[in-house]
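Source file input_21.pdb; content: PDB, N, CA and C atoms.
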```pdb
ATOM      1  N   MET A  17       0.816  -1.196   0.000  1.00  0.00           N
ATOM      2  CA  MET A  17       0.000   0.000   0.000  1.00  0.00           C
ATOM      3  C   MET A  17       0.860   1.261   0.000  1.00  0.00           C
ATOM      4  N   LYS A  18       1.920   1.258   0.820  1.00  0.00           N
ATOM      5  CA  LYS A  18       2.800   2.420   0.884  1.00  0.00           C
ATOM      6  C   LYS A  18       3.533   2.618  -0.439  1.00  0.00           C
ATOM      7  N   ALA A  19       3.908   1.532  -1.075  1.00  0.00           N
ATOM      8  CA  ALA A  19       4.629   1.636  -2.344  1.00  0.00           C
ATOM      9  C   ALA A  19       3.739   2.247  -3.430  1.00  0.00           C
ATOM     10  N   LYS A  20       2.479   1.864  -3.421  1.00  0.00           N
ATOM     11  CA  LYS A  20       1.544   2.408  -4.411  1.00  0.00           C
ATOM     12  C   LYS A  20       1.300   3.894  -4.159  1.00  0.00           C
ATOM     13  N   LEU A  21       1.185   4.275  -2.907  1.00  0.00           N
ATOM     14  CA  LEU A  21       1.008   5.677  -2.546  1.00  0.00           C
ATOM     15  C   LEU A  21       2.236   6.490  -2.937  1.00  0.00           C
ATOM     16  N   LEU A  22       3.404   5.957  -2.670  1.00  0.00           N
ATOM     17  CA  LEU A  22       4.650   6.624  -3.036  1.00  0.00           C
ATOM     18  C   LEU A  22       4.757   6.783  -4.557  1.00  0.00           C
ATOM     19  N   GLN A  23       4.364   5.748  -5.277  1.00  0.00           N
ATOM     20  CA  GLN A  23       4.408   5.800  -6.739  1.00  0.00           C
ATOM     21  C   GLN A  23       3.460   6.885  -7.274  1.00  0.00           C
ATOM     22  N   CYS A  24       2.274   6.972  -6.704  1.00  0.00           N
ATOM     23  CA  CYS A  24       1.316   8.010  -7.122  1.00  0.00           C
ATOM     24  C   CYS A  24       1.851   9.409  -6.822  1.00  0.00           C
ATOM     25  N   MET A  25       2.486   9.567  -5.664  1.00  0.00           N
ATOM     26  CA  MET A  25       3.039  10.873  -5.308  1.00  0.00           C
ATOM     27  C   MET A  25       4.165  11.274  -6.253  1.00  0.00           C
ATOM     28  N   VAL A  26       5.003  10.332  -6.613  1.00  0.00           N
ATOM     29  CA  VAL A  26       6.102  10.615  -7.542  1.00  0.00           C
ATOM     30  C   VAL A  26       5.549  11.040  -8.903  1.00  0.00           C
ATOM     31  N   ILE A  27       4.540  10.351  -9.375  1.00  0.00           N
ATOM     32  CA  ILE A  27       3.934  10.692 -10.667  1.00  0.00           C
ATOM     33  C   ILE A  27       3.317  12.082 -10.609  1.00  0.00           C
ATOM     34  N   LEU A  28       2.599  12.383  -9.526  1.00  0.00           N
ATOM     35  CA  LEU A  28       1.975  13.701  -9.397  1.00  0.00           C
ATOM     36  C   LEU A  28       3.009  14.823  -9.311  1.00  0.00           C
ATOM     37  N   LEU A  29       4.157  14.554  -8.729  1.00  0.00           N
ATOM     38  CA  LEU A  29       5.203  15.568  -8.641  1.00  0.00           C
ATOM     39  C   LEU A  29       5.984  15.711  -9.952  1.00  0.00           C
ATOM     40  N   MET A  30       6.052  14.671 -10.744  1.00  0.00           N
ATOM     41  CA  MET A  30       6.828  14.698 -11.987  1.00  0.00           C
ATOM     42  C   MET A  30       6.087  15.416 -13.126  1.00  0.00           C
ATOM     43  N   ILE A  31       4.769  15.366 -13.124  1.00  0.00           N
ATOM     44  CA  ILE A  31       4.007  15.971 -14.225  1.00  0.00           C
ATOM     45  C   ILE A  31       4.297  17.467 -14.375  1.00  0.00           C
ATOM     46  N   PRO A  32       4.253  18.274 -13.312  1.00  0.00           N
ATOM     47  CA  PRO A  32       4.574  19.695 -13.500  1.00  0.00           C
ATOM     48  C   PRO A  32       6.019  19.943 -13.954  1.00  0.00           C
ATOM     49  N   MET A  33       6.928  19.108 -13.479  1.00  0.00           N
ATOM     50  CA  MET A  33       8.322  19.267 -13.900  1.00  0.00           C
ATOM     51  C   MET A  33       8.484  18.981 -15.385  1.00  0.00           C
ATOM     52  N   LEU A  34       7.812  17.972 -15.875  1.00  0.00           N
ATOM     53  CA  LEU A  34       7.919  17.631 -17.290  1.00  0.00           C
ATOM     54  C   LEU A  34       7.284  18.694 -18.169  1.00  0.00           C
ATOM     55  N   SER A  35       6.213  19.302 -17.707  1.00  0.00           N
ATOM     56  CA  SER A  35       5.570  20.326 -18.524  1.00  0.00           C
ATOM     57  C   SER A  35       6.505  21.521 -18.707  1.00  0.00           C
ATOM     58  N   GLY A  36       7.229  21.878 -17.671  1.00  0.00           N
ATOM     59  CA  GLY A  36       8.188  22.972 -17.789  1.00  0.00           C
ATOM     60  C   GLY A  36       9.341  22.619 -18.711  1.00  0.00           C
ATOM     61  N   CYS A  37       9.769  21.366 -18.656  1.00  0.00           N
ATOM     62  CA  CYS A  37      10.865  20.926 -19.522  1.00  0.00           C
ATOM     63  C   CYS A  37      10.441  20.951 -20.988  1.00  0.00           C
ATOM     64  N   TRP A  38       9.200  20.562 -21.254  1.00  0.00           N
ATOM     65  CA  TRP A  38       8.728  20.576 -22.641  1.00  0.00           C
ATOM     66  C   TRP A  38       8.652  22.001 -23.170  1.00  0.00           C
ATOM     67  N   LEU A  39       8.239  22.944 -22.334  1.00  0.00           N
ATOM     68  CA  LEU A  39       8.197  24.337 -22.772  1.00  0.00           C
ATOM     69  C   LEU A  39       9.604  24.853 -23.072  1.00  0.00           C
ATOM     70  N   LEU A  40      10.540  24.502 -22.229  1.00  0.00           N
ATOM     71  CA  LEU A  40      11.920  24.917 -22.430  1.00  0.00           C
ATOM     72  C   LEU A  40      12.499  24.295 -23.693  1.00  0.00           C
ATOM     73  N   ALA A  41      12.220  23.023 -23.920  1.00  0.00           N
ATOM     74  CA  ALA A  41      12.717  22.343 -25.118  1.00  0.00           C
ATOM     75  C   ALA A  41      12.097  22.933 -26.379  1.00  0.00           C
ATOM     76  N   ALA A  42      10.821  23.253 -26.343  1.00  0.00           N
ATOM     77  CA  ALA A  42      10.160  23.848 -27.508  1.00  0.00           C
ATOM     78  C   ALA A  42      10.716  25.241 -27.790  1.00  0.00           C
ATOM     79  N   GLY A  43      10.984  25.999 -26.748  1.00  0.00           N
ATOM     80  CA  GLY A  43      11.581  27.322 -26.924  1.00  0.00           C
ATOM     81  C   GLY A  43      12.977  27.236 -27.521  1.00  0.00           C
ATOM     82  N   GLY A  44      13.746  26.273 -27.061  1.00  0.00           N
ATOM     83  CA  GLY A  44      15.096  26.076 -27.603  1.00  0.00           C
ATOM     84  C   GLY A  44      15.067  25.638 -29.050  1.00  0.00           C
ATOM     85  N   ALA A  45      14.118  24.773 -29.394  1.00  0.00           N
ATOM     86  CA  ALA A  45      14.001  24.322 -30.782  1.00  0.00           C
ATOM     87  C   ALA A  45      13.581  25.479 -31.682  1.00  0.00           C
ATOM     88  N   GLY A  46      12.696  26.320 -31.203  1.00  0.00           N
ATOM     89  CA  GLY A  46      12.277  27.491 -31.983  1.00  0.00           C
ATOM     90  C   GLY A  46      13.416  28.478 -32.181  1.00  0.00           C
ATOM     91  N   ALA A  47      14.193  28.686 -31.138  1.00  0.00           N
ATOM     92  CA  ALA A  47      15.333  29.599 -31.243  1.00  0.00           C
ATOM     93  C   ALA A  47      16.370  29.057 -32.228  1.00  0.00           C
ATOM     94  N   TYR A  48      16.617  27.760 -32.174  1.00  0.00           N
ATOM     95  CA  TYR A  48      17.571  27.158 -33.095  1.00  0.00           C
ATOM     96  C   TYR A  48      17.070  27.252 -34.536  1.00  0.00           C
ATOM     97  N   GLY A  49      15.780  27.011 -34.722  1.00  0.00           N
ATOM     98  CA  GLY A  49      15.195  27.126 -36.059  1.00  0.00           C
ATOM     99  C   GLY A  49      15.311  28.550 -36.593  1.00  0.00           C
ATOM    100  N   GLY A  50      15.082  29.526 -35.742  1.00  0.00           N
ATOM    101  CA  GLY A  50      15.229  30.923 -36.150  1.00  0.00           C
ATOM    102  C   GLY A  50      16.667  31.267 -36.488  1.00  0.00           C
ATOM    103  N   TYR A  51      17.600  30.729 -35.730  1.00  0.00           N
ATOM    104  CA  TYR A  51      19.022  30.969 -35.993  1.00  0.00           C
ATOM    105  C   TYR A  51      19.425  30.388 -37.346  1.00  0.00           C
ATOM    106  N   LYS A  52      18.984  29.154 -37.617  1.00  0.00           N
ATOM    107  CA  LYS A  52      19.327  28.519 -38.894  1.00  0.00           C
ATOM    108  C   LYS A  52      18.652  29.238 -40.057  1.00  0.00           C
ATOM    109  N   ALA A  53      17.426  29.716 -39.868  1.00  0.00           N
ATOM    110  CA  ALA A  53      16.735  30.454 -40.922  1.00  0.00           C
ATOM    111  C   ALA A  53      17.470  31.767 -41.207  1.00  0.00           C
ATOM    112  N   LYS A  54      17.967  32.408 -40.169  1.00  0.00           N
ATOM    113  CA  LYS A  54      18.719  33.658 -40.339  1.00  0.00           C
ATOM    114  C   LYS A  54      20.001  33.402 -41.133  1.00  0.00           C
ATOM    115  N   GLU A  55      20.646  32.252 -40.884  1.00  0.00           N
ATOM    116  CA  GLU A  55      21.844  31.894 -41.647  1.00  0.00           C
ATOM    117  C   GLU A  55      21.535  31.723 -43.132  1.00  0.00           C
ATOM    118  N   GLU A  56      20.333  31.237 -43.447  1.00  0.00           N
ATOM    119  CA  GLU A  56      19.944  31.009 -44.835  1.00  0.00           C
ATOM    120  C   GLU A  56      19.433  32.277 -45.512  1.00  0.00           C
ATOM    121  N   GLY A  57      19.355  33.366 -44.779  1.00  0.00           N
ATOM    122  CA  GLY A  57      18.947  34.625 -45.371  1.00  0.00           C
ATOM    123  C   GLY A  57      17.522  35.037 -45.072  1.00  0.00           C
ATOM    124  N   TYR A  58      16.792  34.234 -44.324  1.00  0.00           N
ATOM    125  CA  TYR A  58      15.431  34.610 -43.960  1.00  0.00           C
ATOM    126  C   TYR A  58      15.466  35.500 -42.737  1.00  0.00           C
ATOM    127  N   GLY A  59      14.476  36.370 -42.624  1.00  0.00           N
ATOM    128  CA  GLY A  59      14.413  37.208 -41.450  1.00  0.00           C
ATOM    129  C   GLY A  59      13.051  37.844 -41.312  1.00  0.00           C
ATOM    130  N   LEU A  60      12.812  38.414 -40.151  1.00  0.00           N
ATOM    131  CA  LEU A  60      11.568  39.103 -39.889  1.00  0.00           C
ATOM    132  C   LEU A  60      11.802  40.596 -40.005  1.00  0.00           C
ATOM    133  N   GLN A  61      10.793  41.285 -40.476  1.00  0.00           N
ATOM    134  CA  GLN A  61      10.920  42.729 -40.601  1.00  0.00           C
ATOM    135  C   GLN A  61       9.624  43.365 -40.136  1.00  0.00           C
ATOM    136  N   ASN A  62       9.724  44.372 -39.325  1.00  0.00           N
ATOM    137  CA  ASN A  62       8.567  45.075 -38.817  1.00  0.00           C
ATOM    138  C   ASN A  62       8.007  45.955 -39.932  1.00  0.00           C
ATOM    139  N   PRO A  63       6.732  45.827 -40.295  1.00  0.00           N
ATOM    140  CA  PRO A  63       6.194  46.631 -41.395  1.00  0.00           C
ATOM    141  C   PRO A  63       6.173  48.122 -41.094  1.00  0.00           C
ATOM    142  N   ILE A  64       6.049  48.494 -39.833  1.00  0.00           N
ATOM    143  CA  ILE A  64       6.048  49.916 -39.490  1.00  0.00           C
ATOM    144  C   ILE A  64       7.434  50.500 -39.734  1.00  0.00           C
ATOM    145  N   THR A  65       8.458  49.783 -39.311  1.00  0.00           N
ATOM    146  CA  THR A  65       9.829  50.230 -39.538  1.00  0.00           C
ATOM    147  C   THR A  65      10.119  50.296 -41.035  1.00  0.00           C
ATOM    148  N   LYS A  66       9.618  49.339 -41.775  1.00  0.00           N
ATOM    149  CA  LYS A  66       9.847  49.303 -43.216  1.00  0.00           C
ATOM    150  C   LYS A  66       9.227  50.530 -43.884  1.00  0.00           C
ATOM    151  N   GLU A  67       8.014  50.912 -43.462  1.00  0.00           N
ATOM    152  CA  GLU A  67       7.362  52.083 -44.039  1.00  0.00           C
ATOM    153  C   GLU A  67       8.150  53.350 -43.744  1.00  0.00           C
ATOM    154  N   LYS A  68       8.658  53.469 -42.528  1.00  0.00           N
ATOM    155  CA  LYS A  68       9.435  54.654 -42.182  1.00  0.00           C
ATOM    156  C   LYS A  68      10.691  54.751 -43.038  1.00  0.00           C
ATOM    157  N   LYS A  69      11.351  53.636 -43.288  1.00  0.00           N
ATOM    158  CA  LYS A  69      12.548  53.651 -44.126  1.00  0.00           C
ATOM    159  C   LYS A  69      12.193  54.041 -45.556  1.00  0.00           C
ATOM    160  N   ASP A  70      11.057  53.528 -46.059  1.00  0.00           N
ATOM    161  CA  ASP A  70      10.636  53.881 -47.411  1.00  0.00           C
ATOM    162  C   ASP A  70      10.320  55.368 -47.513  1.00  0.00           C
ATOM    163  N   ASN A  71       9.680  55.923 -46.498  1.00  0.00           N
ATOM    164  CA  ASN A  71       9.342  57.346 -46.519  1.00  0.00           C
ATOM    165  C   ASN A  71      10.603  58.199 -46.517  1.00  0.00           C
ATOM    166  N   LYS A  72      11.592  57.829 -45.758  1.00  0.00           N
ATOM    167  CA  LYS A  72      12.840  58.589 -45.718  1.00  0.00           C
ATOM    168  C   LYS A  72      13.551  58.510 -47.065  1.00  0.00           C
ATOM    169  N   ALA A  73      13.516  57.354 -47.688  1.00  0.00           N
ATOM    170  CA  ALA A  73      14.187  57.195 -48.993  1.00  0.00           C
ATOM    171  C   ALA A  73      13.481  58.021 -50.047  1.00  0.00           C
ATOM    172  N   THR A  74      12.162  58.075 -50.037  1.00  0.00           N
ATOM    173  CA  THR A  74      11.452  58.860 -51.050  1.00  0.00           C
ATOM    174  C   THR A  74      11.614  60.349 -50.789  1.00  0.00           C
ATOM    175  N   GLU A  75      11.715  60.760 -49.521  1.00  0.00           N
ATOM    176  CA  GLU A  75      11.926  62.168 -49.214  1.00  0.00           C
ATOM    177  C   GLU A  75      13.311  62.630 -49.667  1.00  0.00           C
ATOM    178  N   GLN A  76      14.302  61.761 -49.552  1.00  0.00           N
ATOM    179  CA  GLN A  76      15.648  62.126 -49.965  1.00  0.00           C
ATOM    180  C   GLN A  76      15.755  62.211 -51.482  1.00  0.00           C
ATOM    181  N   LYS A  77      14.966  61.432 -52.206  1.00  0.00           N
ATOM    182  CA  LYS A  77      15.005  61.459 -53.664  1.00  0.00           C
ATOM    183  C   LYS A  77      14.394  62.746 -54.210  1.00  0.00           C
ATOM    184  N   LYS A  78      13.459  63.355 -53.460  1.00  0.00           N
ATOM    185  CA  LYS A  78      12.797  64.584 -53.930  1.00  0.00           C
ATOM    186  C   LYS A  78      13.713  65.722 -53.832  1.00  0.00           C
TER
END
```
Just dump the structure as structure tokens.
Amino acid sequence: MKAKLLQCMVILLMIPMLSGCWLLAAGGAGAYGGYKAKEEGYGLQNPITKEKKDNKATEQKK
């Protein structure tokens, strides 16, 4: 009886720990994927920043 209770307690304590580990592993995999994509020339660009750069370039041409 004590062994079964101990086993249940261990399982209940391990579930929250594993959920945190999975989040950390998923974050690391995403960061690595972003790093490799950046090496291949892909990247993210903020559209607001892009518009400001375009406006400055057109103002300088005038």
What is the atom N of Leu60 (chain A)-CA of Gly43 (chain A) distance in Å, reported with one decimal?
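Interatomic distance here is 17.3 Å.
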Box in all listed atoms of region 49-61 of chain A, axis-aligned, with 6 Å more on each side; write out centre and edge lengths in Å to one decimal as lines of an AutoDock Vina configuration file.
```
center_x = 15.7
center_y = 35.2
center_z = -40.1
size_x = 24.2
size_y = 28.4
size_z = 22.8
```
What does the structure give for the distance between atom N of Lys20 (chain A) and atom N of Pro32 (chain A), in Å to one decimal?
19.2 Å
